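Participant: I am sharing upload_32.csv, which consists of CSV, C-alpha atoms:
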```csv
chain,number,residue,atom,x,y,z
K,1,MET,CA,-16.0,-0.3,21.5
K,2,ARG,CA,-12.2,-0.8,21.7
K,3,HIS,CA,-10.1,-0.5,18.5
K,4,SER,CA,-8.0,-3.5,17.4
K,5,PHE,CA,-6.0,-4.3,14.4
K,6,THR,CA,-4.0,-7.5,13.4
K,7,ALA,CA,-1.1,-7.0,11.0
K,8,VAL,CA,0.6,-9.9,9.3
K,9,ILE,CA,4.2,-8.8,9.6
K,10,GLU,CA,5.7,-11.9,7.9
K,11,LYS,CA,3.6,-14.2,5.8
K,12,ASN,CA,4.8,-17.7,5.2
K,13,ALA,CA,8.3,-16.2,5.0
K,14,THR,CA,11.5,-18.3,4.9
K,15,PHE,CA,14.8,-17.4,6.4
K,16,ASP,CA,18.2,-19.0,6.6
K,17,GLY,CA,19.8,-16.4,8.8
K,18,ASP,CA,19.2,-13.5,11.3
K,19,PHE,CA,16.6,-10.9,10.3
K,20,GLU,CA,14.6,-7.9,11.6
K,21,THR,CA,10.9,-7.5,10.8
K,22,GLU,CA,9.8,-4.4,8.9
K,23,PRO,CA,9.0,-1.3,11.1
K,24,TYR,CA,5.4,-1.1,12.1
K,25,GLU,CA,3.7,2.0,13.5
K,26,CYS,CA,1.7,1.4,16.7
K,27,ALA,CA,1.5,4.8,18.5
K,28,TRP,CA,-2.4,4.6,18.6
K,29,ALA,CA,-2.4,1.4,20.6
K,30,SER,CA,-1.6,0.8,24.3
K,31,GLU,CA,-1.5,-3.0,24.1
K,32,ALA,CA,0.4,-5.2,21.7
K,33,ARG,CA,0.8,-9.0,21.4
K,34,TRP,CA,3.2,-10.7,19.0
K,35,PHE,CA,2.4,-14.1,17.7
K,36,ILE,CA,5.1,-16.3,15.9
K,37,HIS,CA,3.7,-19.3,14.1
K,38,VAL,CA,6.6,-21.5,13.2
K,39,ALA,CA,5.7,-23.9,10.4
K,40,GLU,CA,9.2,-25.3,9.8
K,41,LEU,CA,12.4,-25.1,11.8
K,42,GLU,CA,15.1,-27.3,10.4
K,43,GLY,CA,18.8,-27.8,10.8
K,44,ASP,CA,21.2,-29.2,13.4
K,45,GLY,CA,20.5,-27.5,16.7
K,46,ALA,CA,18.2,-25.0,15.0
K,47,SER,CA,16.6,-22.4,17.3
K,48,LEU,CA,15.0,-19.0,16.9
K,49,SER,CA,15.4,-16.0,19.3
K,50,ALA,CA,13.2,-12.9,19.0
K,51,ARG,CA,13.7,-9.7,21.0
K,52,VAL,CA,11.2,-6.8,20.9
K,53,GLN,CA,12.7,-3.5,19.7
K,54,VAL,CA,11.4,0.0,19.8
K,55,SER,CA,12.3,3.2,18.0
K,56,PRO,CA,11.4,6.9,18.1
K,57,ASP,CA,11.5,7.3,14.4
K,58,GLY,CA,11.4,3.9,12.6
K,59,LEU,CA,15.0,4.3,11.7
K,60,PHE,CA,17.1,3.7,14.8
K,61,TRP,CA,16.2,0.9,17.2
K,62,CYS,CA,17.0,-0.4,20.7
K,63,ASP,CA,15.8,-3.3,22.8
K,64,GLN,CA,12.5,-2.8,24.6
K,65,GLY,CA,13.4,-5.4,27.2
K,66,SER,CA,10.9,-8.2,26.3
K,67,ALA,CA,11.9,-11.3,24.4
K,68,PHE,CA,10.4,-14.7,23.4
K,69,GLU,CA,11.8,-17.7,25.1
K,70,THR,CA,14.1,-19.6,22.7
K,71,ILE,CA,12.0,-21.4,20.1
K,72,SER,CA,13.3,-24.8,19.0
K,73,GLY,CA,10.4,-26.3,17.0
K,74,PRO,CA,7.2,-25.7,15.1
K,75,GLY,CA,4.2,-24.3,17.0
K,76,MET,CA,2.5,-21.1,18.0
K,77,TYR,CA,4.3,-18.7,20.4
K,78,SER,CA,3.1,-15.4,21.9
K,79,LEU,CA,4.4,-12.4,23.8
K,80,ALA,CA,2.6,-9.4,25.2
K,81,VAL,CA,4.1,-5.9,25.2
K,82,ARG,CA,3.1,-2.5,26.7
K,83,ASP,CA,4.7,1.0,26.9
K,84,PHE,CA,6.3,0.7,23.4
K,85,GLY,CA,6.0,4.2,22.0
K,86,GLY,CA,5.3,4.6,18.3
K,87,TRP,CA,7.1,1.7,16.6
K,88,LEU,CA,7.6,-2.0,17.0
K,89,ARG,CA,9.7,-4.7,15.4
K,90,LEU,CA,11.4,-8.0,16.2
K,91,ASP,CA,15.1,-8.6,16.1
K,92,CYS,CA,15.3,-12.3,15.3
K,93,GLY,CA,18.3,-14.6,15.5
K,94,LEU,CA,18.5,-18.0,13.8
K,95,ASP,CA,21.0,-20.3,15.4
K,96,GLY,CA,22.3,-23.8,14.5
K,97,GLU,CA,23.9,-25.3,11.5
K,98,ASP,CA,22.3,-24.9,8.0
K,99,SER,CA,19.2,-23.8,9.8
K,100,ARG,CA,16.1,-22.9,7.9
K,101,LEU,CA,12.9,-21.4,9.1
K,102,ARG,CA,9.4,-20.8,7.7
K,103,LEU,CA,6.9,-18.8,9.7
K,104,MET,CA,4.1,-16.3,10.1
K,105,ILE,CA,4.5,-13.3,12.4
K,106,TYR,CA,1.4,-11.4,13.6
K,107,LEU,CA,1.2,-8.2,15.6
K,108,VAL,CA,-2.1,-7.6,17.4
K,109,LEU,CA,-2.7,-4.1,18.5
K,110,LYS,CA,-5.5,-2.9,20.8
K,111,GLU,CA,-6.6,0.4,22.3
F,1,MET,CA,-25.0,24.6,-0.1
F,2,SER,CA,-24.2,20.9,-0.8
F,3,HIS,CA,-24.4,18.4,2.0
F,4,ALA,CA,-20.6,18.2,2.0
F,5,ALA,CA,-20.0,21.9,2.2
F,6,ALA,CA,-22.2,22.1,5.3
F,7,ASP,CA,-20.0,19.6,7.2
F,8,ILE,CA,-16.6,20.9,8.3
F,9,ARG,CA,-15.0,17.5,8.0
F,10,LEU,CA,-16.4,16.9,4.5
F,11,SER,CA,-16.1,20.4,3.1
F,12,ARG,CA,-12.7,19.7,1.6
F,13,PHE,CA,-14.3,17.0,-0.6
F,14,ASN,CA,-16.7,17.2,-3.5
F,15,PRO,CA,-18.7,14.0,-3.3
F,16,LEU,CA,-21.4,12.7,-5.5
F,17,PRO,CA,-24.9,12.6,-4.0
F,18,ARG,CA,-24.6,9.3,-2.1
F,19,ILE,CA,-21.5,8.9,0.2
F,20,LEU,CA,-20.7,5.2,0.4
F,21,ALA,CA,-17.7,5.7,2.7
F,22,PHE,CA,-16.0,8.5,4.6
F,23,ASP,CA,-12.7,7.0,5.8
F,24,ASP,CA,-11.0,9.4,8.2
F,25,PHE,CA,-8.0,7.4,9.4
F,26,ASP,CA,-7.9,9.2,12.7
F,27,ASP,CA,-10.3,6.5,14.0
F,28,GLY,CA,-9.1,3.3,12.3
F,29,LEU,CA,-8.3,1.8,8.9
F,30,HIS,CA,-12.0,1.6,7.8
F,31,GLY,CA,-11.8,-1.7,6.0
F,32,TRP,CA,-8.6,-0.9,4.0
F,33,CYS,CA,-6.7,-4.2,4.3
F,34,GLU,CA,-3.7,-5.9,2.7
F,35,LEU,CA,-4.3,-7.4,-0.7
F,36,VAL,CA,-3.6,-11.1,-0.7
F,37,GLY,CA,-3.6,-13.4,-3.8
F,38,ASN,CA,-5.9,-16.4,-4.2
F,39,HIS,CA,-4.8,-19.7,-2.6
F,40,ASN,CA,-6.3,-23.0,-1.4
F,41,GLY,CA,-5.3,-22.6,2.2
F,42,ASP,CA,-1.6,-23.4,1.4
F,43,LEU,CA,0.2,-20.1,1.3
F,44,ASN,CA,2.9,-21.7,-0.8
F,45,GLU,CA,0.4,-21.5,-3.6
F,46,LEU,CA,0.5,-17.7,-3.6
F,47,GLN,CA,1.9,-16.3,-6.8
F,48,PRO,CA,5.1,-14.3,-6.2
F,49,VAL,CA,3.6,-10.9,-7.0
F,50,PHE,CA,0.8,-11.5,-4.4
F,51,LYS,CA,3.0,-12.9,-1.6
F,52,ASP,CA,3.9,-9.9,0.4
F,53,MET,CA,1.8,-6.7,0.0
F,54,ARG,CA,2.3,-5.5,3.5
F,55,PRO,CA,-0.3,-4.5,6.1
F,56,ALA,CA,-1.5,-0.9,6.1
F,57,GLN,CA,-0.4,1.2,9.1
F,58,LEU,CA,-2.0,4.0,11.1
F,59,SER,CA,0.8,6.5,10.9
F,60,THR,CA,1.6,9.6,12.9
F,61,CYS,CA,4.1,10.8,10.2
F,62,THR,CA,6.9,10.9,12.7
F,63,TYR,CA,10.4,11.7,11.6
F,64,PHE,CA,13.8,11.7,13.2
F,65,ASP,CA,14.4,15.5,12.8
F,66,LEU,CA,11.0,17.1,13.6
F,67,GLY,CA,9.0,14.5,15.5
F,68,THR,CA,5.4,14.0,14.8
F,69,HIS,CA,4.0,15.8,11.6
F,70,GLY,CA,0.5,14.5,12.0
F,71,ALA,CA,-2.2,14.6,9.2
F,72,VAL,CA,-4.5,17.2,7.6
F,73,ASP,CA,-6.7,17.0,10.7
F,74,GLY,CA,-6.0,14.9,13.8
F,75,THR,CA,-2.9,12.8,14.2
F,76,TYR,CA,-3.3,9.7,12.0
F,77,SER,CA,-3.2,8.8,8.4
F,78,MET,CA,-3.2,5.4,6.6
F,79,LYS,CA,0.3,4.5,5.5
F,80,LEU,CA,1.3,2.0,2.9
F,81,ALA,CA,5.0,1.1,3.1
F,82,THR,CA,7.1,-1.0,0.8
F,83,ARG,CA,10.1,-3.1,1.8
F,84,PRO,CA,13.5,-1.5,1.0
F,85,ARG,CA,13.8,-3.6,-2.1
F,86,LYS,CA,13.6,-2.4,-5.7
F,87,PHE,CA,10.1,-3.0,-7.3
F,88,HIS,CA,8.5,-4.1,-4.1
F,89,GLN,CA,4.9,-3.0,-3.9
F,90,ALA,CA,2.5,-2.4,-1.0
F,91,VAL,CA,-1.2,-2.7,-1.7
F,92,ALA,CA,-4.3,-1.9,0.3
F,93,ILE,CA,-7.8,-2.8,-0.8
F,94,LYS,CA,-11.4,-1.9,0.2
F,95,ARG,CA,-14.0,-4.4,-0.9
F,96,LEU,CA,-17.5,-3.3,-1.8
F,97,THR,CA,-20.2,-4.3,-4.3
F,98,SER,CA,-22.3,-2.0,-6.5
F,99,ALA,CA,-26.0,-1.7,-6.3
F,100,ALA,CA,-26.4,-0.1,-9.7
F,101,ASP,CA,-24.4,1.0,-12.8
F,102,GLY,CA,-23.4,4.6,-12.7
F,103,LEU,CA,-20.7,7.0,-11.5
F,104,VAL,CA,-18.4,6.2,-8.6
F,105,GLN,CA,-16.0,8.7,-7.2
F,106,PHE,CA,-12.9,8.2,-5.1
F,107,GLU,CA,-11.5,11.3,-3.3
F,108,ALA,CA,-8.5,11.5,-1.1
F,109,TRP,CA,-6.1,13.8,0.6
F,110,PHE,CA,-2.7,12.1,0.2
F,111,THR,CA,1.1,12.6,0.3
F,112,TYR,CA,4.1,10.4,-0.5
F,113,LYS,CA,7.6,10.0,0.7
F,114,ALA,CA,10.8,7.9,0.4
F,115,GLU,CA,12.4,6.9,3.7
F,116,GLN,CA,15.2,9.0,5.1
F,117,THR,CA,18.6,7.6,4.1
F,118,PHE,CA,22.0,8.6,5.5
F,119,GLY,CA,25.4,9.0,3.8
F,120,GLY,CA,24.1,8.7,0.2
F,121,ASP,CA,26.5,8.9,-2.7
F,122,ASP,CA,24.3,10.9,-5.1
F,123,THR,CA,26.4,13.3,-7.1
F,124,GLY,CA,26.1,15.8,-9.9
F,125,ALA,CA,22.5,16.8,-10.7
F,126,ARG,CA,21.2,14.3,-8.1
F,127,ALA,CA,23.3,15.8,-5.2
F,128,TRP,CA,21.6,17.8,-2.4
F,129,ASP,CA,21.9,21.5,-3.2
F,130,GLY,CA,19.9,23.0,-0.3
F,131,ASN,CA,16.7,22.8,-2.4
F,132,TYR,CA,16.7,19.6,-4.4
F,133,HIS,CA,17.1,16.5,-2.2
F,134,PRO,CA,18.1,13.1,-3.7
F,135,SER,CA,15.3,11.4,-1.6
F,136,GLU,CA,12.8,12.6,-4.2
F,137,ALA,CA,14.5,10.3,-6.8
F,138,HIS,CA,14.1,7.3,-4.4
F,139,PHE,CA,10.4,7.4,-4.8
F,140,GLY,CA,8.9,5.2,-7.6
F,141,SER,CA,5.2,5.4,-8.1
F,142,PHE,CA,1.8,5.2,-6.5
F,143,THR,CA,-1.4,3.8,-8.2
F,144,LEU,CA,-5.1,4.1,-7.7
F,145,TRP,CA,-7.2,1.3,-9.2
F,146,ASN,CA,-10.4,-0.6,-9.1
F,147,ASP,CA,-11.5,-4.2,-9.8
F,148,ILE,CA,-14.9,-4.4,-11.3
F,149,CYS,CA,-16.9,-7.5,-12.3
F,150,GLU,CA,-20.6,-7.2,-13.3
F,151,GLY,CA,-21.3,-10.9,-13.5
F,152,THR,CA,-20.0,-14.3,-14.6
F,153,GLU,CA,-20.0,-13.7,-18.4
F,154,PRO,CA,-16.9,-13.2,-20.5
F,155,ARG,CA,-15.8,-9.5,-20.6
F,156,ASP,CA,-17.7,-8.7,-17.4
F,157,ARG,CA,-14.5,-8.0,-15.5
F,158,TYR,CA,-12.0,-5.1,-15.8
F,159,HIS,CA,-9.5,-3.0,-13.9
F,160,ALA,CA,-8.9,0.7,-14.4
F,161,ALA,CA,-5.5,1.7,-13.0
F,162,LEU,CA,-4.0,5.2,-12.9
F,163,ARG,CA,-0.4,5.6,-11.9
F,164,TYR,CA,1.6,8.6,-10.8
F,165,GLU,CA,5.1,7.7,-12.0
F,166,ASN,CA,7.7,9.8,-10.2
F,167,THR,CA,10.6,7.7,-11.5
F,168,ASN,CA,10.6,5.0,-14.2
F,169,GLU,CA,12.0,1.5,-13.9
F,170,GLU,CA,15.5,3.0,-14.3
F,171,GLY,CA,15.0,5.4,-11.5
F,172,GLU,CA,14.8,8.4,-13.9
F,173,PHE,CA,12.4,11.3,-13.1
F,174,THR,CA,9.3,11.1,-15.3
F,175,GLN,CA,6.7,12.8,-13.0
F,176,ARG,CA,3.6,12.0,-15.0
F,177,TRP,CA,0.3,10.1,-14.9
F,178,LEU,CA,0.0,6.8,-16.7
F,179,TYR,CA,-2.7,4.3,-17.6
F,180,LYS,CA,-2.1,0.6,-18.2
F,181,THR,CA,-2.3,-1.1,-21.6
F,182,GLY,CA,-2.0,-4.7,-20.3
F,183,LEU,CA,-4.3,-6.9,-18.3
F,184,HIS,CA,-3.8,-7.4,-14.6
F,185,PRO,CA,-2.4,-11.0,-14.4
F,186,THR,CA,-4.9,-12.8,-12.1
F,187,THR,CA,-4.0,-15.8,-10.0
F,188,ARG,CA,-5.8,-18.1,-12.4
F,189,MET,CA,-3.8,-16.6,-15.4
F,190,LEU,CA,-0.5,-16.9,-13.5
F,191,ARG,CA,-1.3,-20.5,-12.6
F,192,GLU,CA,-1.9,-21.2,-16.2
F,193,GLY,CA,1.6,-20.0,-17.1
F,194,PHE,CA,0.8,-16.4,-18.2
F,195,ASP,CA,4.2,-14.8,-18.9
F,196,SER,CA,4.7,-12.1,-16.2
F,197,ASN,CA,7.7,-10.5,-14.6
F,198,GLN,CA,5.7,-10.7,-11.3
F,199,ASN,CA,7.0,-7.5,-9.9
F,200,ASP,CA,4.0,-5.2,-10.6
F,201,VAL,CA,0.5,-6.3,-9.6
F,202,HIS,CA,-1.0,-4.4,-12.5
F,203,VAL,CA,0.8,-5.7,-15.6
F,204,ALA,CA,3.0,-8.5,-16.8
F,205,LYS,CA,5.7,-6.3,-18.3
F,206,PRO,CA,7.0,-2.8,-17.5
F,207,ASP,CA,6.2,-1.4,-21.0
F,208,MET,CA,2.4,-2.0,-20.5
F,209,TRP,CA,1.9,1.6,-19.3
F,210,ALA,CA,1.2,4.6,-21.5
F,211,PRO,CA,1.1,8.4,-20.6
F,212,ILE,CA,-2.2,10.1,-20.1
F,213,PRO,CA,-2.4,13.0,-22.5
F,214,GLY,CA,-1.9,16.2,-20.5
F,215,GLY,CA,-0.8,14.1,-17.6
F,216,ASP,CA,2.7,15.7,-16.8
F,217,GLN,CA,2.6,16.9,-13.2
F,218,GLN,CA,5.2,17.8,-10.6
F,219,LEU,CA,3.8,17.3,-7.2
F,220,CYS,CA,4.9,18.9,-3.9
F,221,PHE,CA,7.5,16.5,-2.6
F,222,ASN,CA,8.9,19.5,-0.5
F,223,GLU,CA,12.6,19.1,-0.7
F,224,VAL,CA,13.4,16.7,2.1
F,225,PRO,CA,12.0,13.3,3.2
F,226,THR,CA,10.5,14.6,6.4
F,227,LYS,CA,8.2,17.4,5.2
F,228,VAL,CA,4.8,16.3,4.1
F,229,ASN,CA,2.3,18.4,2.1
F,230,TRP,CA,-1.1,17.0,1.6
F,231,HIS,CA,-2.6,16.8,-2.0
F,232,TYR,CA,-6.2,16.6,-3.1
F,233,LEU,CA,-7.2,13.9,-5.5
F,234,ARG,CA,-10.5,13.1,-7.2
F,235,TRP,CA,-11.0,10.1,-9.5
F,236,LEU,CA,-14.3,9.6,-11.2
F,237,PHE,CA,-15.2,6.4,-13.1
F,238,ASP,CA,-18.4,5.2,-14.7
F,239,LEU,CA,-19.7,1.6,-14.3
F,240,SER,CA,-22.2,2.1,-17.1
F,241,THR,CA,-19.6,2.9,-19.7
F,242,ARG,CA,-16.8,0.8,-18.1
F,243,ARG,CA,-14.5,3.7,-18.4
F,244,ASN,CA,-12.7,6.3,-16.3
F,245,THR,CA,-14.3,9.7,-16.5
F,246,GLU,CA,-11.7,12.1,-15.1
F,247,LEU,CA,-8.9,12.5,-12.6
F,248,GLN,CA,-8.3,15.7,-10.8
F,249,VAL,CA,-5.1,16.2,-8.7
F,250,ASN,CA,-4.9,19.7,-7.3
F,251,ASP,CA,-5.1,22.1,-10.3
F,252,LEU,CA,-4.8,19.5,-13.0
F,253,THR,CA,-7.9,17.7,-14.3
F,254,MET,CA,-7.5,15.0,-16.9
F,255,ASP,CA,-10.4,13.9,-19.2
F,256,LEU,CA,-10.1,10.1,-19.2
F,257,ARG,CA,-13.2,9.2,-21.2
F,258,GLU,CA,-11.2,8.2,-24.3
F,259,ILE,CA,-8.6,6.2,-22.3
F,260,PRO,CA,-9.2,2.5,-23.0
F,261,VAL,CA,-9.9,0.0,-20.2
F,262,LEU,CA,-9.2,-3.6,-21.0
F,263,ARG,CA,-11.7,-6.3,-20.2
F,264,PHE,CA,-11.0,-10.0,-19.5
F,265,ASP,CA,-12.1,-12.3,-22.3
F,266,ASP,CA,-12.8,-15.1,-19.7
F,267,GLY,CA,-15.6,-15.1,-17.2
F,268,TYR,CA,-15.0,-15.1,-13.4
F,269,TRP,CA,-17.0,-17.0,-10.9
F,270,GLY,CA,-18.4,-15.7,-7.6
F,271,ILE,CA,-17.6,-12.0,-7.8
F,272,ASN,CA,-20.8,-10.6,-9.2
F,273,ARG,CA,-21.2,-6.8,-8.8
F,274,LEU,CA,-17.6,-6.6,-7.4
F,275,LEU,CA,-16.5,-3.0,-6.6
F,276,ASN,CA,-13.0,-3.1,-5.2
F,277,LEU,CA,-11.0,0.1,-4.7
F,278,CYS,CA,-7.2,-0.2,-4.3
F,279,MET,CA,-4.2,2.0,-3.6
F,280,ASP,CA,-0.6,0.9,-3.9
F,281,VAL,CA,3.0,2.3,-3.7
F,282,ARG,CA,5.9,0.7,-5.6
F,283,THR,CA,9.6,1.5,-5.1
F,284,THR,CA,12.1,1.8,-8.0
F,285,SER,CA,15.0,1.9,-5.5
F,286,ASN,CA,16.3,-0.1,-2.6
F,287,VAL,CA,14.6,2.5,-0.3
F,288,ARG,CA,11.3,2.1,1.5
F,289,ASN,CA,8.5,4.1,-0.2
F,290,PHE,CA,5.5,5.4,1.7
F,291,LEU,CA,2.0,6.5,0.5
F,292,TYR,CA,-0.1,8.3,3.1
F,293,LEU,CA,-3.8,9.0,3.0
F,294,ASP,CA,-5.3,11.4,5.5
F,295,SER,CA,-8.8,10.6,4.5
F,296,VAL,CA,-10.9,9.1,1.7
F,297,VAL,CA,-14.4,9.7,0.5
F,298,ILE,CA,-16.1,7.2,-1.9
F,299,SER,CA,-19.4,8.4,-3.4
F,300,ALA,CA,-21.8,7.4,-6.1
F,301,ASP,CA,-24.7,8.8,-8.1
F,302,TRP,CA,-26.9,5.8,-7.5
```
Give the structure from the file, written as structure tokens.
Facilitator:
Amino acid sequence: MRHSFTAVIEKNATFDGDFETEPYECAWASEARWFIHVAELEGDGASLSARVQVSPDGLFWCDQGSAFETISGPGMYSLAVRDFGGWLRLDCGLDGEDSRLRLMIYLVLKE
Amino acid sequence: MSHAAADIRLSRFNPLPRILAFDDFDDGLHGWCELVGNHNGDLNELQPVFKDMRPAQLSTCTYFDLGTHGAVDGTYSMKLATRPRKFHQAVAIKRLTSAADGLVQFEAWFTYKAEQTFGGDDTGARAWDGNYHPSEAHFGSFTLWNDICEGTEPRDRYHAALRYENTNEEGEFTQRWLYKTGLHPTTRMLREGFDSNQNDVHVAKPDMWAPIPGGDQQLCFNEVPTKVNWHYLRWLFDLSTRRNTELQVNDLTMDLREIPVLRFDDGYWGINRLLNLCMDVRTTSNVRNFLYLDSVVISADW
């Protein structure tokens, strides 16, 4: 039986600017899949970017190399990641004028 | 020889005759999940205190200066982590029901830390002196608690909660064990307008905690935020008396039989024989606080 765990990284959270998700430990897993469920994305030219970041210690971060395609409306979006070491987070940018975002972010880990 | 002493993995515990759960976090989270408040499917209905209690993590205890610390045995422990925001609280829950009234015991090997910070401005008595490290003052508290409901009648439901308060709301060292003197504000109570600060899942106001007699205790923080020493904890409570029995943490054992446990005057529907066990960590600074559990044993005398 394979091990799996789904973590709700952001729960119905609202943002009006850039943000990073909380550090999440994932050393035990060899596969990860992010889900971003955008409930609301409002504002003139509003769009969300999300890059995967990794870290050796949960303190200092760099880009892993994967990124979501630019998100410009409500819906479910997903991105698979491998070879990520011990920690994962998303570095998210909210563009547009007076933009506002409400979403869920899930991290599904599997070994 | 007891059944636990004969098993090398259990011999560091002292369980009651029936082991309900042996949760070694080297092989998963064993049903410890994030606590979420009640809602009708619309998460906007979540009360503020229940909105964001964070998912538990399988941690390697890895730090920037020494790498992976690991756990008592194996590599992994369960980690609860707050956000870096004053009074944020991370809560994990394990949901069971009880087959009889009687004793229930929760045992754990645990440790706790505040996240490493850099370039702090702590001065005077709070400054690093080669032994004392200001990180210790960044840690707020951790709490073990239950949620018990025998049936649907008034006064069938209660929570016992025991808190290790390292620093108080003002961030001052107190390093003592507390019990709560106020009811846990439930979602129904909060929807009905119950007056609560909504920054502590256990109580409405910060003065609703009282010291446990003989409960002063300095734990082994070990000087810096990247050294972890594991502590033994054993909490015994009695479903037949609706009271705590005792709490042992290393060499300190507190008799809790006279400590009051408040019951709800109202009845609650659909949670007959509820036996929930919970752990949480709450920061009193703008620094992430972590509670780690290497392993847990839940046992009963029924």
Participant: I'd like the neighbourhood of F:Val261 as a count of residues only, where a residue qualifies if any of its atoms comes within 8 Å (using all atoms listed in the file), though same-chain residues fewer than 3 positions away should be ignored.
Facilitator: 7
Participant: Using only C-alpha atoms, which protein or nucleic acid residues come within 10 Å of F:Asn222? Drop anything in the same chain fewer than 3 positions from it, and give the result as a list of chain:residue names.
Facilitator: F:Lys113, F:Asn131, F:Tyr132, F:His133, F:Glu136, F:Leu219, F:Pro225, F:Thr226, F:Lys227, F:Val228, F:Asn229
Participant: Mind dumping a table of every chain K residue within 8 Å of chain F, with the nearest atom pair and its distance in Å to one decimal, using all atoms listed in the file, sorted by chain and rising number, as CSV?
Facilitator:
```
residue,atom,partner,partner_atom,distance
K:His3,CA,F:Gly28,CA,7.3
K:Ala7,CA,F:Pro55,CA,5.6
K:Val8,CA,F:Pro55,CA,6.3
K:Ile9,CA,F:Pro55,CA,7.1
K:Glu10,CA,F:Asp52,CA,8.0
K:Lys11,CA,F:Asp52,CA,6.9
K:Asn12,CA,F:Leu43,CA,6.5
K:Glu22,CA,F:Arg83,CA,7.2
K:Tyr24,CA,F:Gln57,CA,6.9
K:Glu25,CA,F:Ser59,CA,6.0
K:Cys26,CA,F:Leu58,CA,7.2
K:Ala27,CA,F:Thr60,CA,7.4
K:Trp28,CA,F:Leu58,CA,7.5
K:Pro56,CA,F:Phe64,CA,7.3
K:Asp57,CA,F:Phe64,CA,5.1
K:Gly58,CA,F:Tyr63,CA,7.9
K:Leu59,CA,F:Phe64,CA,7.6
```
Participant: Take the residues just selected and output them with C-alpha atoms as a PDB file, in the coordinates of the input.
Facilitator:
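See out36.pdb below for the written result:
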```pdb
ATOM      1  CA  HIS K   3     -10.100  -0.500  18.500  1.00  0.00           C
ATOM      2  CA  ALA K   7      -1.100  -7.000  11.000  1.00  0.00           C
ATOM      3  CA  VAL K   8       0.600  -9.900   9.300  1.00  0.00           C
ATOM      4  CA  ILE K   9       4.200  -8.800   9.600  1.00  0.00           C
ATOM      5  CA  GLU K  10       5.700 -11.900   7.900  1.00  0.00           C
ATOM      6  CA  LYS K  11       3.600 -14.200   5.800  1.00  0.00           C
ATOM      7  CA  ASN K  12       4.800 -17.700   5.200  1.00  0.00           C
ATOM      8  CA  GLU K  22       9.800  -4.400   8.900  1.00  0.00           C
ATOM      9  CA  TYR K  24       5.400  -1.100  12.100  1.00  0.00           C
ATOM     10  CA  GLU K  25       3.700   2.000  13.500  1.00  0.00           C
ATOM     11  CA  CYS K  26       1.700   1.400  16.700  1.00  0.00           C
ATOM     12  CA  ALA K  27       1.500   4.800  18.500  1.00  0.00           C
ATOM     13  CA  TRP K  28      -2.400   4.600  18.600  1.00  0.00           C
ATOM     14  CA  PRO K  56      11.400   6.900  18.100  1.00  0.00           C
ATOM     15  CA  ASP K  57      11.500   7.300  14.400  1.00  0.00           C
ATOM     16  CA  GLY K  58      11.400   3.900  12.600  1.00  0.00           C
ATOM     17  CA  LEU K  59      15.000   4.300  11.700  1.00  0.00           C
TER      18      LEU K  59
END
```
Participant: Select all residues near (-21.9, 5.0, -18.7) (cut-off 12 Å, inclusive, file coordinates), counting all atoms listed in the file, and output them as JSON, numbers by chain.
Facilitator: {"F": [100, 101, 102, 103, 104, 236, 237, 238, 239, 240, 241, 242, 243, 244, 245, 257, 301]}
Participant: Env of stretch 38-50 of chain K: 12 Å cut, atoms = all atoms listed in the file, seq-sep filter 4 positions within chain, self excluded. Answer as number ranges by chain.
Facilitator: K: 10-21, 34, 63-79, 89-106; F: 42-44
Participant: Select, from F:Phe142, F:Phe22, F:Trp128, F:Trp32, the residue with the minimum atom-to-atom distance to F:Phe290, counting only C-alpha atoms.
Facilitator: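 Looking only at the distances to F:Phe290, the closest residue turns out to be F:Phe142.
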Participant: To one decimal in Å, tell me the separation between atom CA of F:Met279 and atom CA of F:Ala92.
Facilitator: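 So the two atoms, atom CA of F:Met279 and atom CA of F:Ala92, lie 5.5 Å apart.
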